[in-house]
Amino acid sequence: MEQATATTPTASTPTTDDQPQRAAYQRARATADRIVDRISVLPNGVEVRIDGAGFAIRLHFGSGKTAARGVLAVAGITETDPTREESPSGIGTYIECTTTVDGIPLIARALVTAADADHLLQQTPPTPAAPAAQPIPLSTALATPADTTTPEATAIGGTQ
């Protein structure tokens with residue numbers, strides 16, 4: 001009995017010509033993963049794409065207040081001020097975070113209503129902070145009871 005034999009296709013191996021671009025892509029992908037790992041609202045999509053001379057990351061959060069909170073979380077961990085931009089079609093307002101992380105351009109974006117954008121991006125004046133506690137000098141903090149001196153007691157209104 002004859003058996004039919006089929007060759008199993010093998011995965012193509014990367015050539016040395018595309019290694020730098022592959023490494024840049026993997027670095028951008030790893031950066032996107034690190035950001036997503038640190039936020040509680042997951043994006044609807046993560047895109048790593050060619051942008052100019054290298055790769056860029058886009059985090060698409062979708063629409064609504066929860067999505068916008070995801071963008072605000074990205075802004076918080078990247079220490080970036082979020083911005084707002086009216087959509088060209090007039091269907092809402094984009095809340096965005098645009099920055100560079102580890103040399104890789106990043107944009108995170110969500111679509112919300114203008115009222116939600118106003119609410120989420122409101123700038124409230126900071127509350128006055130209580131005076132900061134003064135640090136204890138290191139020499140005082142490490143002093144033992146024997147190292148400290150007690151001021152002389154002075155009698156008030158009495159005889160000695």
# chains A, B, ... in the order shown; residues from 1 in each chain; ligands from 1
>>> residues_around(residues="segment 59-71 of chain A", least_positions_apart="3", cutoff="6 Å", atoms="only C-alpha atoms", output="list in words")
Val41, Pro43, Asn44, Gly45, Val46, Val74, Ala108, Arg109, Ala110, Leu111 and Val112 of chain A
>>> residues_around(residues="Ala114 of chain A", least_positions_apart="2", cutoff="9 Å", atoms="only C-alpha atoms", output="number ranges by chain")
A: 86, 92-94, 112, 116-119
>>> residues_around(residues="Ala32 of chain A", least_positions_apart="2", cutoff="10 Å", atoms="only C-alpha atoms", output="number ranges by chain")
A: 26-30, 34-37, 46-48, 56-59, 101, 104, 106
>>> write_last_selection(atoms="all heavy atoms", output="short mmCIF file (atom, residue, chain, number, x, y, z; two decimals), in the first residue's frame")
data_model
loop_
_atom_site.label_atom_id
_atom_site.label_comp_id
_atom_site.auth_asym_id
_atom_site.auth_seq_id
_atom_site.Cartn_x
_atom_site.Cartn_y
_atom_site.Cartn_z
N GLN A 26 10.09 44.65 18.44
CA GLN A 26 9.95 43.91 19.70
C GLN A 26 10.13 44.84 20.90
O GLN A 26 9.46 44.68 21.92
CB GLN A 26 10.93 42.75 19.73
CG GLN A 26 10.55 41.65 18.77
CD GLN A 26 11.60 40.57 18.62
OE1 GLN A 26 12.78 40.77 18.95
NE2 GLN A 26 11.19 39.41 18.11
N ARG A 27 11.01 45.83 20.79
CA ARG A 27 11.21 46.79 21.88
C ARG A 27 9.95 47.64 22.06
O ARG A 27 9.50 47.87 23.18
CB ARG A 27 12.43 47.67 21.58
CG ARG A 27 12.86 48.51 22.75
CD ARG A 27 14.23 49.12 22.48
NE ARG A 27 14.19 50.21 21.55
CZ ARG A 27 13.97 51.48 21.88
NH1 ARG A 27 13.79 51.80 23.14
NH2 ARG A 27 13.95 52.42 20.97
N ALA A 28 9.35 48.07 20.95
CA ALA A 28 8.11 48.85 21.02
C ALA A 28 6.98 48.00 21.61
O ALA A 28 6.21 48.45 22.46
CB ALA A 28 7.72 49.37 19.64
N ARG A 29 6.88 46.76 21.19
CA ARG A 29 5.85 45.85 21.70
C ARG A 29 6.02 45.63 23.21
O ARG A 29 5.04 45.63 23.96
CB ARG A 29 5.96 44.51 20.94
CG ARG A 29 4.90 43.54 21.24
CD ARG A 29 3.67 43.92 20.49
NE ARG A 29 2.56 43.69 21.39
CZ ARG A 29 1.35 44.17 21.20
NH1 ARG A 29 1.09 44.88 20.17
NH2 ARG A 29 0.42 43.93 22.06
N ALA A 30 7.27 45.43 23.65
CA ALA A 30 7.53 45.22 25.07
C ALA A 30 7.19 46.48 25.88
O ALA A 30 6.66 46.39 26.99
CB ALA A 30 8.98 44.82 25.29
N ARG A 34 4.45 46.73 28.90
CA ARG A 34 4.76 47.26 30.25
C ARG A 34 3.75 48.31 30.66
O ARG A 34 3.34 48.37 31.82
CB ARG A 34 6.18 47.84 30.29
CG ARG A 34 7.26 46.82 30.42
CD ARG A 34 8.62 47.40 30.84
NE ARG A 34 8.91 48.74 30.39
CZ ARG A 34 9.53 49.04 29.23
NH1 ARG A 34 9.89 48.11 28.41
NH2 ARG A 34 9.77 50.30 28.92
N ILE A 35 3.35 49.16 29.72
CA ILE A 35 2.36 50.21 30.04
C ILE A 35 1.01 49.57 30.36
O ILE A 35 0.39 49.89 31.37
CB ILE A 35 2.25 51.21 28.88
CG1 ILE A 35 3.55 52.01 28.77
CG2 ILE A 35 1.06 52.13 29.07
CD1 ILE A 35 3.68 52.79 27.48
N VAL A 36 0.56 48.67 29.52
CA VAL A 36 -0.74 48.03 29.73
C VAL A 36 -0.76 47.23 31.03
O VAL A 36 -1.77 47.21 31.74
CB VAL A 36 -1.11 47.14 28.51
CG1 VAL A 36 -2.32 46.28 28.80
CG2 VAL A 36 -1.33 48.00 27.28
N ASP A 37 0.37 46.64 31.41
CA ASP A 37 0.44 45.88 32.66
C ASP A 37 0.23 46.76 33.88
O ASP A 37 -0.15 46.27 34.95
CB ASP A 37 1.79 45.16 32.78
CG ASP A 37 1.88 43.93 31.90
OD1 ASP A 37 0.84 43.47 31.37
OD2 ASP A 37 3.01 43.43 31.72
N VAL A 46 -4.20 47.60 20.89
CA VAL A 46 -2.82 48.09 21.00
C VAL A 46 -2.20 47.95 19.63
O VAL A 46 -2.22 46.87 19.04
CB VAL A 46 -2.01 47.28 22.04
CG1 VAL A 46 -0.57 47.76 22.09
CG2 VAL A 46 -2.66 47.36 23.41
N GLU A 47 -1.68 49.05 19.13
CA GLU A 47 -1.12 49.04 17.79
C GLU A 47 0.35 49.45 17.86
O GLU A 47 0.69 50.47 18.44
CB GLU A 47 -1.91 50.03 16.93
CG GLU A 47 -1.47 50.15 15.52
CD GLU A 47 -2.31 51.18 14.75
OE1 GLU A 47 -3.17 51.85 15.34
OE2 GLU A 47 -2.07 51.31 13.54
N VAL A 48 1.20 48.64 17.27
CA VAL A 48 2.61 48.98 17.10
C VAL A 48 2.79 49.14 15.61
O VAL A 48 2.56 48.19 14.85
CB VAL A 48 3.54 47.90 17.67
CG1 VAL A 48 4.99 48.24 17.39
CG2 VAL A 48 3.32 47.74 19.17
N ALA A 56 5.98 53.23 16.53
CA ALA A 56 5.22 54.02 17.49
C ALA A 56 4.14 53.11 18.07
O ALA A 56 3.76 52.10 17.49
CB ALA A 56 4.58 55.23 16.80
N ILE A 57 3.63 53.52 19.24
CA ILE A 57 2.60 52.77 19.94
C ILE A 57 1.32 53.60 19.97
O ILE A 57 1.37 54.79 20.28
CB ILE A 57 3.03 52.46 21.39
CG1 ILE A 57 4.33 51.70 21.43
CG2 ILE A 57 1.92 51.73 22.15
CD1 ILE A 57 4.98 51.69 22.80
N ARG A 58 0.20 52.97 19.68
CA ARG A 58 -1.12 53.60 19.82
C ARG A 58 -1.97 52.71 20.72
O ARG A 58 -2.09 51.52 20.46
CB ARG A 58 -1.81 53.76 18.47
CG ARG A 58 -1.22 54.83 17.63
CD ARG A 58 -1.98 54.95 16.31
NE ARG A 58 -1.74 56.25 15.76
CZ ARG A 58 -2.61 57.26 15.78
NH1 ARG A 58 -3.80 57.10 16.30
NH2 ARG A 58 -2.30 58.42 15.27
N LEU A 59 -2.51 53.30 21.75
CA LEU A 59 -3.43 52.59 22.64
C LEU A 59 -4.83 53.15 22.37
O LEU A 59 -5.09 54.32 22.63
CB LEU A 59 -3.03 52.78 24.10
CG LEU A 59 -1.62 52.32 24.48
CD1 LEU A 59 -1.33 52.66 25.93
CD2 LEU A 59 -1.46 50.84 24.24
N VAL A 101 8.03 57.28 25.26
CA VAL A 101 8.45 56.38 26.33
C VAL A 101 9.60 55.54 25.82
O VAL A 101 9.47 54.86 24.80
CB VAL A 101 7.29 55.46 26.78
CG1 VAL A 101 7.74 54.50 27.86
CG2 VAL A 101 6.11 56.29 27.26
N ILE A 104 10.22 55.83 22.23
CA ILE A 104 9.17 55.35 21.33
C ILE A 104 7.96 56.27 21.46
O ILE A 104 7.42 56.44 22.56
CB ILE A 104 8.78 53.90 21.66
CG1 ILE A 104 10.01 53.01 21.56
CG2 ILE A 104 7.67 53.41 20.77
CD1 ILE A 104 9.85 51.66 22.17
N LEU A 106 4.28 57.53 21.73
CA LEU A 106 3.09 56.87 22.27
C LEU A 106 1.92 57.83 22.21
O LEU A 106 2.06 59.01 22.54
CB LEU A 106 3.33 56.46 23.73
CG LEU A 106 2.10 56.10 24.56
CD1 LEU A 106 1.57 54.74 24.15
CD2 LEU A 106 2.40 56.14 26.03
#
>>> atom_distance(atom1="atom CA of Asp102 of chain A", atom2="atom CA of Asp18 of chain A")
21.4 Å
>>> atom_distance(atom1="atom CA of Ile91 of chain A", atom2="atom CA of Ile107 of chain A")
20.1 Å
>>> closest_residue(among="A:Ala24, A:Leu120, A:Leu42, A:Leu72", to="Glu96 of chain A", atoms="only C-alpha atoms")
A:Leu72
>>> residues_around(residues="Gly76 of chain A", least_positions_apart="6", cutoff="10 Å", atoms="only C-alpha atoms", output="JSON list (two decimals) with N, CA and C atoms, in the first residue's frame")
[["chain", "number", "residue", "atom", "x", "y", "z"],
["A", 39, "ILE", "N", -1.87, 49.49, 34.15],
["A", 39, "ILE", "CA", -3.14, 50.21, 34.21],
["A", 39, "ILE", "C", -4.29, 49.23, 34.42],
["A", 70, "GLY", "N", -8.85, 55.21, 31.32],
["A", 70, "GLY", "CA", -7.68, 54.47, 30.88],
["A", 70, "GLY", "C", -6.60, 55.39, 30.33],
["A", 82, "PRO", "N", -2.73, 65.13, 30.08],
["A", 82, "PRO", "CA", -3.68, 64.76, 29.04],
["A", 82, "PRO", "C", -4.21, 66.00, 28.34],
["A", 97, "CYS", "N", -3.34, 61.31, 25.38],
["A", 97, "CYS", "CA", -2.05, 61.38, 26.06],
["A", 97, "CYS", "C", -1.02, 61.13, 24.96]]
>>> residues_around(residues="Gln21 of chain A", least_positions_apart="6", cutoff="10 Å", atoms="only C-alpha atoms", output="MDAnalysis selection string")
chainID A and resid 27 50 54:55
>>> write_last_selection(atoms="N, CA and C atoms", output="PDB file, in the first residue's frame")
ATOM      1  N   ARG A  27      11.009  45.826  20.787  1.00  0.00           N
ATOM      2  CA  ARG A  27      11.212  46.789  21.877  1.00  0.00           C
ATOM      3  C   ARG A  27       9.954  47.636  22.057  1.00  0.00           C
ATOM      4  N   ILE A  50       4.795  51.364  12.115  1.00  0.00           N
ATOM      5  CA  ILE A  50       5.870  52.205  11.606  1.00  0.00           C
ATOM      6  C   ILE A  50       5.388  53.640  11.628  1.00  0.00           C
ATOM      7  N   GLY A  54      10.849  55.072  12.833  1.00  0.00           N
ATOM      8  CA  GLY A  54      10.810  53.901  13.720  1.00  0.00           C
ATOM      9  C   GLY A  54       9.387  53.478  14.006  1.00  0.00           C
ATOM     10  N   PHE A  55       9.233  52.760  15.085  1.00  0.00           N
ATOM     11  CA  PHE A  55       7.922  52.276  15.477  1.00  0.00           C
ATOM     12  C   PHE A  55       7.295  53.215  16.493  1.00  0.00           C
TER      13      PHE A  55
END
>>> closest_residue(among="A:Gly103, A:Gln19, A:Gly90, A:Asp51", to="Thr31 of chain A", atoms="only C-alpha atoms")
A:Gly103
>>> select_by_dssp(residues="segment 41-113 of chain A", states="alpha helix (DSSP H)", output="list in words")
Lys65, Thr66, Ala67, Ala68, Arg69, Gly70, Val71, Leu72, Ala73, Val74, Ala75, Gly76 and Ile77 of chain A
>>> write_last_selection(atoms="N, CA, C and O atoms", output="short mmCIF file (atom, residue, chain, number, x, y, z; two decimals), in the first residue's frame")
data_model
loop_
_atom_site.label_atom_id
_atom_site.label_comp_id
_atom_site.auth_asym_id
_atom_site.auth_seq_id
_atom_site.Cartn_x
_atom_site.Cartn_y
_atom_site.Cartn_z
N LYS A 65 -16.60 57.21 29.55
CA LYS A 65 -15.82 57.66 30.70
C LYS A 65 -14.77 56.64 31.15
O LYS A 65 -13.66 56.99 31.50
N THR A 66 -15.13 55.37 31.14
CA THR A 66 -14.17 54.34 31.57
C THR A 66 -12.98 54.33 30.63
O THR A 66 -11.84 54.25 31.07
N ALA A 67 -13.23 54.43 29.34
CA ALA A 67 -12.14 54.47 28.36
C ALA A 67 -11.24 55.68 28.61
O ALA A 67 -10.01 55.57 28.59
N ALA A 68 -11.86 56.82 28.88
CA ALA A 68 -11.08 58.03 29.15
C ALA A 68 -10.24 57.88 30.42
O ALA A 68 -9.13 58.37 30.49
N ARG A 69 -10.78 57.17 31.40
CA ARG A 69 -9.99 56.94 32.62
C ARG A 69 -8.75 56.09 32.31
O ARG A 69 -7.73 56.22 32.96
N GLY A 70 -8.85 55.21 31.32
CA GLY A 70 -7.68 54.47 30.88
C GLY A 70 -6.60 55.39 30.33
O GLY A 70 -5.42 55.25 30.63
N VAL A 71 -7.02 56.37 29.53
CA VAL A 71 -6.07 57.35 28.99
C VAL A 71 -5.45 58.15 30.13
O VAL A 71 -4.24 58.39 30.14
N LEU A 72 -6.27 58.55 31.09
CA LEU A 72 -5.75 59.31 32.23
C LEU A 72 -4.75 58.48 33.04
O LEU A 72 -3.78 59.01 33.57
N ALA A 73 -4.98 57.18 33.12
CA ALA A 73 -4.03 56.31 33.83
C ALA A 73 -2.70 56.26 33.08
O ALA A 73 -1.64 56.32 33.70
N VAL A 74 -2.75 56.17 31.76
CA VAL A 74 -1.52 56.19 30.97
C VAL A 74 -0.80 57.52 31.16
O VAL A 74 0.42 57.56 31.35
N ALA A 75 -1.55 58.61 31.17
CA ALA A 75 -0.96 59.93 31.39
C ALA A 75 -0.28 59.99 32.76
O ALA A 75 0.81 60.55 32.90
N GLY A 76 -0.91 59.38 33.75
CA GLY A 76 -0.34 59.38 35.09
C GLY A 76 0.97 58.61 35.18
O GLY A 76 1.94 59.08 35.77
N ILE A 77 1.03 57.43 34.58
CA ILE A 77 2.25 56.64 34.72
C ILE A 77 3.36 57.14 33.81
O ILE A 77 4.53 56.89 34.08
#
>>> atom_distance(atom1="atom CA of Ser40 of chain A", atom2="atom CA of Thr100 of chain A")
20.8 Å
>>> decode(residues="segment 38-66 of chain A", atoms="N, CA, C and O atoms", output="PDB file, in the first residue's frame")
ATOM      1  N   ARG A  38       0.455  48.072  33.769  1.00  0.00           N
ATOM      2  CA  ARG A  38       0.387  48.965  34.921  1.00  0.00           C
ATOM      3  C   ARG A  38      -0.939  49.702  35.056  1.00  0.00           C
ATOM      4  O   ARG A  38      -1.103  50.486  35.995  1.00  0.00           O
ATOM      5  N   ILE A  39      -1.867  49.495  34.145  1.00  0.00           N
ATOM      6  CA  ILE A  39      -3.140  50.213  34.211  1.00  0.00           C
ATOM      7  C   ILE A  39      -4.287  49.228  34.423  1.00  0.00           C
ATOM      8  O   ILE A  39      -4.194  48.068  34.041  1.00  0.00           O
ATOM      9  N   SER A  40      -5.353  49.713  35.047  1.00  0.00           N
ATOM     10  CA  SER A  40      -6.469  48.809  35.339  1.00  0.00           C
ATOM     11  C   SER A  40      -7.503  48.764  34.221  1.00  0.00           C
ATOM     12  O   SER A  40      -8.210  47.779  34.083  1.00  0.00           O
ATOM     13  N   VAL A  41      -7.612  49.818  33.429  1.00  0.00           N
ATOM     14  CA  VAL A  41      -8.546  49.831  32.307  1.00  0.00           C
ATOM     15  C   VAL A  41      -7.774  49.381  31.071  1.00  0.00           C
ATOM     16  O   VAL A  41      -6.823  50.029  30.649  1.00  0.00           O
ATOM     17  N   LEU A  42      -8.185  48.260  30.507  1.00  0.00           N
ATOM     18  CA  LEU A  42      -7.477  47.746  29.336  1.00  0.00           C
ATOM     19  C   LEU A  42      -7.939  48.450  28.070  1.00  0.00           C
ATOM     20  O   LEU A  42      -9.127  48.732  27.908  1.00  0.00           O
ATOM     21  N   PRO A  43      -7.006  48.723  27.162  1.00  0.00           N
ATOM     22  CA  PRO A  43      -7.406  49.339  25.894  1.00  0.00           C
ATOM     23  C   PRO A  43      -8.151  48.328  25.022  1.00  0.00           C
ATOM     24  O   PRO A  43      -7.980  47.116  25.170  1.00  0.00           O
ATOM     25  N   ASN A  44      -8.963  48.848  24.101  1.00  0.00           N
ATOM     26  CA  ASN A  44      -9.639  47.984  23.129  1.00  0.00           C
ATOM     27  C   ASN A  44      -8.647  47.426  22.127  1.00  0.00           C
ATOM     28  O   ASN A  44      -8.876  46.360  21.560  1.00  0.00           O
ATOM     29  N   GLY A  45      -7.582  48.156  21.878  1.00  0.00           N
ATOM     30  CA  GLY A  45      -6.586  47.717  20.918  1.00  0.00           C
ATOM     31  C   GLY A  45      -5.235  48.347  21.198  1.00  0.00           C
ATOM     32  O   GLY A  45      -5.154  49.468  21.697  1.00  0.00           O
ATOM     33  N   VAL A  46      -4.198  47.597  20.885  1.00  0.00           N
ATOM     34  CA  VAL A  46      -2.822  48.087  21.004  1.00  0.00           C
ATOM     35  C   VAL A  46      -2.201  47.949  19.625  1.00  0.00           C
ATOM     36  O   VAL A  46      -2.216  46.871  19.042  1.00  0.00           O
ATOM     37  N   GLU A  47      -1.679  49.045  19.126  1.00  0.00           N
ATOM     38  CA  GLU A  47      -1.117  49.040  17.785  1.00  0.00           C
ATOM     39  C   GLU A  47       0.351  49.451  17.857  1.00  0.00           C
ATOM     40  O   GLU A  47       0.685  50.472  18.441  1.00  0.00           O
ATOM     41  N   VAL A  48       1.202  48.636  17.269  1.00  0.00           N
ATOM     42  CA  VAL A  48       2.613  48.983  17.102  1.00  0.00           C
ATOM     43  C   VAL A  48       2.794  49.136  15.606  1.00  0.00           C
ATOM     44  O   VAL A  48       2.559  48.190  14.850  1.00  0.00           O
ATOM     45  N   ARG A  49       3.177  50.323  15.179  1.00  0.00           N
ATOM     46  CA  ARG A  49       3.226  50.588  13.749  1.00  0.00           C
ATOM     47  C   ARG A  49       4.420  51.446  13.375  1.00  0.00           C
ATOM     48  O   ARG A  49       4.974  52.142  14.215  1.00  0.00           O
ATOM     49  N   ILE A  50       4.795  51.364  12.115  1.00  0.00           N
ATOM     50  CA  ILE A  50       5.870  52.205  11.606  1.00  0.00           C
ATOM     51  C   ILE A  50       5.388  53.640  11.628  1.00  0.00           C
ATOM     52  O   ILE A  50       4.283  53.948  11.179  1.00  0.00           O
ATOM     53  N   ASP A  51       6.206  54.510  12.182  1.00  0.00           N
ATOM     54  CA  ASP A  51       5.869  55.923  12.266  1.00  0.00           C
ATOM     55  C   ASP A  51       7.141  56.705  11.991  1.00  0.00           C
ATOM     56  O   ASP A  51       8.007  56.784  12.859  1.00  0.00           O
ATOM     57  N   GLY A  52       7.275  57.236  10.821  1.00  0.00           N
ATOM     58  CA  GLY A  52       8.491  57.971  10.491  1.00  0.00           C
ATOM     59  C   GLY A  52       9.671  57.023  10.393  1.00  0.00           C
ATOM     60  O   GLY A  52       9.650  56.049   9.655  1.00  0.00           O
ATOM     61  N   ALA A  53      10.676  57.276  11.211  1.00  0.00           N
ATOM     62  CA  ALA A  53      11.909  56.485  11.154  1.00  0.00           C
ATOM     63  C   ALA A  53      11.867  55.228  12.005  1.00  0.00           C
ATOM     64  O   ALA A  53      12.758  54.399  11.928  1.00  0.00           O
ATOM     65  N   GLY A  54      10.849  55.072  12.833  1.00  0.00           N
ATOM     66  CA  GLY A  54      10.810  53.901  13.720  1.00  0.00           C
ATOM     67  C   GLY A  54       9.387  53.478  14.006  1.00  0.00           C
ATOM     68  O   GLY A  54       8.457  53.805  13.280  1.00  0.00           O
ATOM     69  N   PHE A  55       9.233  52.760  15.085  1.00  0.00           N
ATOM     70  CA  PHE A  55       7.922  52.276  15.477  1.00  0.00           C
ATOM     71  C   PHE A  55       7.295  53.215  16.493  1.00  0.00           C
ATOM     72  O   PHE A  55       7.992  53.905  17.236  1.00  0.00           O
ATOM     73  N   ALA A  56       5.981  53.226  16.530  1.00  0.00           N
ATOM     74  CA  ALA A  56       5.217  54.017  17.486  1.00  0.00           C
ATOM     75  C   ALA A  56       4.137  53.115  18.072  1.00  0.00           C
ATOM     76  O   ALA A  56       3.762  52.103  17.490  1.00  0.00           O
ATOM     77  N   ILE A  57       3.632  53.520  19.239  1.00  0.00           N
ATOM     78  CA  ILE A  57       2.596  52.766  19.945  1.00  0.00           C
ATOM     79  C   ILE A  57       1.322  53.604  19.970  1.00  0.00           C
ATOM     80  O   ILE A  57       1.374  54.793  20.282  1.00  0.00           O
ATOM     81  N   ARG A  58       0.197  52.968  19.680  1.00  0.00           N
ATOM     82  CA  ARG A  58      -1.116  53.599  19.819  1.00  0.00           C
ATOM     83  C   ARG A  58      -1.968  52.708  20.716  1.00  0.00           C
ATOM     84  O   ARG A  58      -2.093  51.520  20.456  1.00  0.00           O
ATOM     85  N   LEU A  59      -2.512  53.304  21.750  1.00  0.00           N
ATOM     86  CA  LEU A  59      -3.431  52.589  22.635  1.00  0.00           C
ATOM     87  C   LEU A  59      -4.826  53.151  22.374  1.00  0.00           C
ATOM     88  O   LEU A  59      -5.086  54.322  22.632  1.00  0.00           O
ATOM     89  N   HIS A  60      -5.694  52.325  21.838  1.00  0.00           N
ATOM     90  CA  HIS A  60      -7.066  52.724  21.513  1.00  0.00           C
ATOM     91  C   HIS A  60      -7.975  52.256  22.655  1.00  0.00           C
ATOM     92  O   HIS A  60      -8.134  51.068  22.862  1.00  0.00           O
ATOM     93  N   PHE A  61      -8.543  53.211  23.377  1.00  0.00           N
ATOM     94  CA  PHE A  61      -9.385  52.855  24.516  1.00  0.00           C
ATOM     95  C   PHE A  61     -10.874  52.827  24.198  1.00  0.00           C
ATOM     96  O   PHE A  61     -11.667  52.412  25.021  1.00  0.00           O
ATOM     97  N   GLY A  62     -11.271  53.290  23.033  1.00  0.00           N
ATOM     98  CA  GLY A  62     -12.690  53.270  22.692  1.00  0.00           C
ATOM     99  C   GLY A  62     -13.377  54.537  23.143  1.00  0.00           C
ATOM    100  O   GLY A  62     -12.803  55.617  23.093  1.00  0.00           O
ATOM    101  N   SER A  63     -14.626  54.403  23.614  1.00  0.00           N
ATOM    102  CA  SER A  63     -15.389  55.585  23.984  1.00  0.00           C
ATOM    103  C   SER A  63     -16.022  55.411  25.362  1.00  0.00           C
ATOM    104  O   SER A  63     -16.216  54.306  25.836  1.00  0.00           O
ATOM    105  N   GLY A  64     -16.304  56.536  25.961  1.00  0.00           N
ATOM    106  CA  GLY A  64     -16.950  56.560  27.269  1.00  0.00           C
ATOM    107  C   GLY A  64     -16.000  56.963  28.385  1.00  0.00           C
ATOM    108  O   GLY A  64     -14.789  57.059  28.199  1.00  0.00           O
ATOM    109  N   LYS A  65     -16.597  57.207  29.548  1.00  0.00           N
ATOM    110  CA  LYS A  65     -15.819  57.662  30.701  1.00  0.00           C
ATOM    111  C   LYS A  65     -14.775  56.637  31.152  1.00  0.00           C
ATOM    112  O   LYS A  65     -13.661  56.993  31.501  1.00  0.00           O
ATOM    113  N   THR A  66     -15.131  55.370  31.142  1.00  0.00           N
ATOM    114  CA  THR A  66     -14.170  54.341  31.568  1.00  0.00           C
ATOM    115  C   THR A  66     -12.979  54.328  30.633  1.00  0.00           C
ATOM    116  O   THR A  66     -11.836  54.247  31.072  1.00  0.00           O
TER     117      THR A  66
END
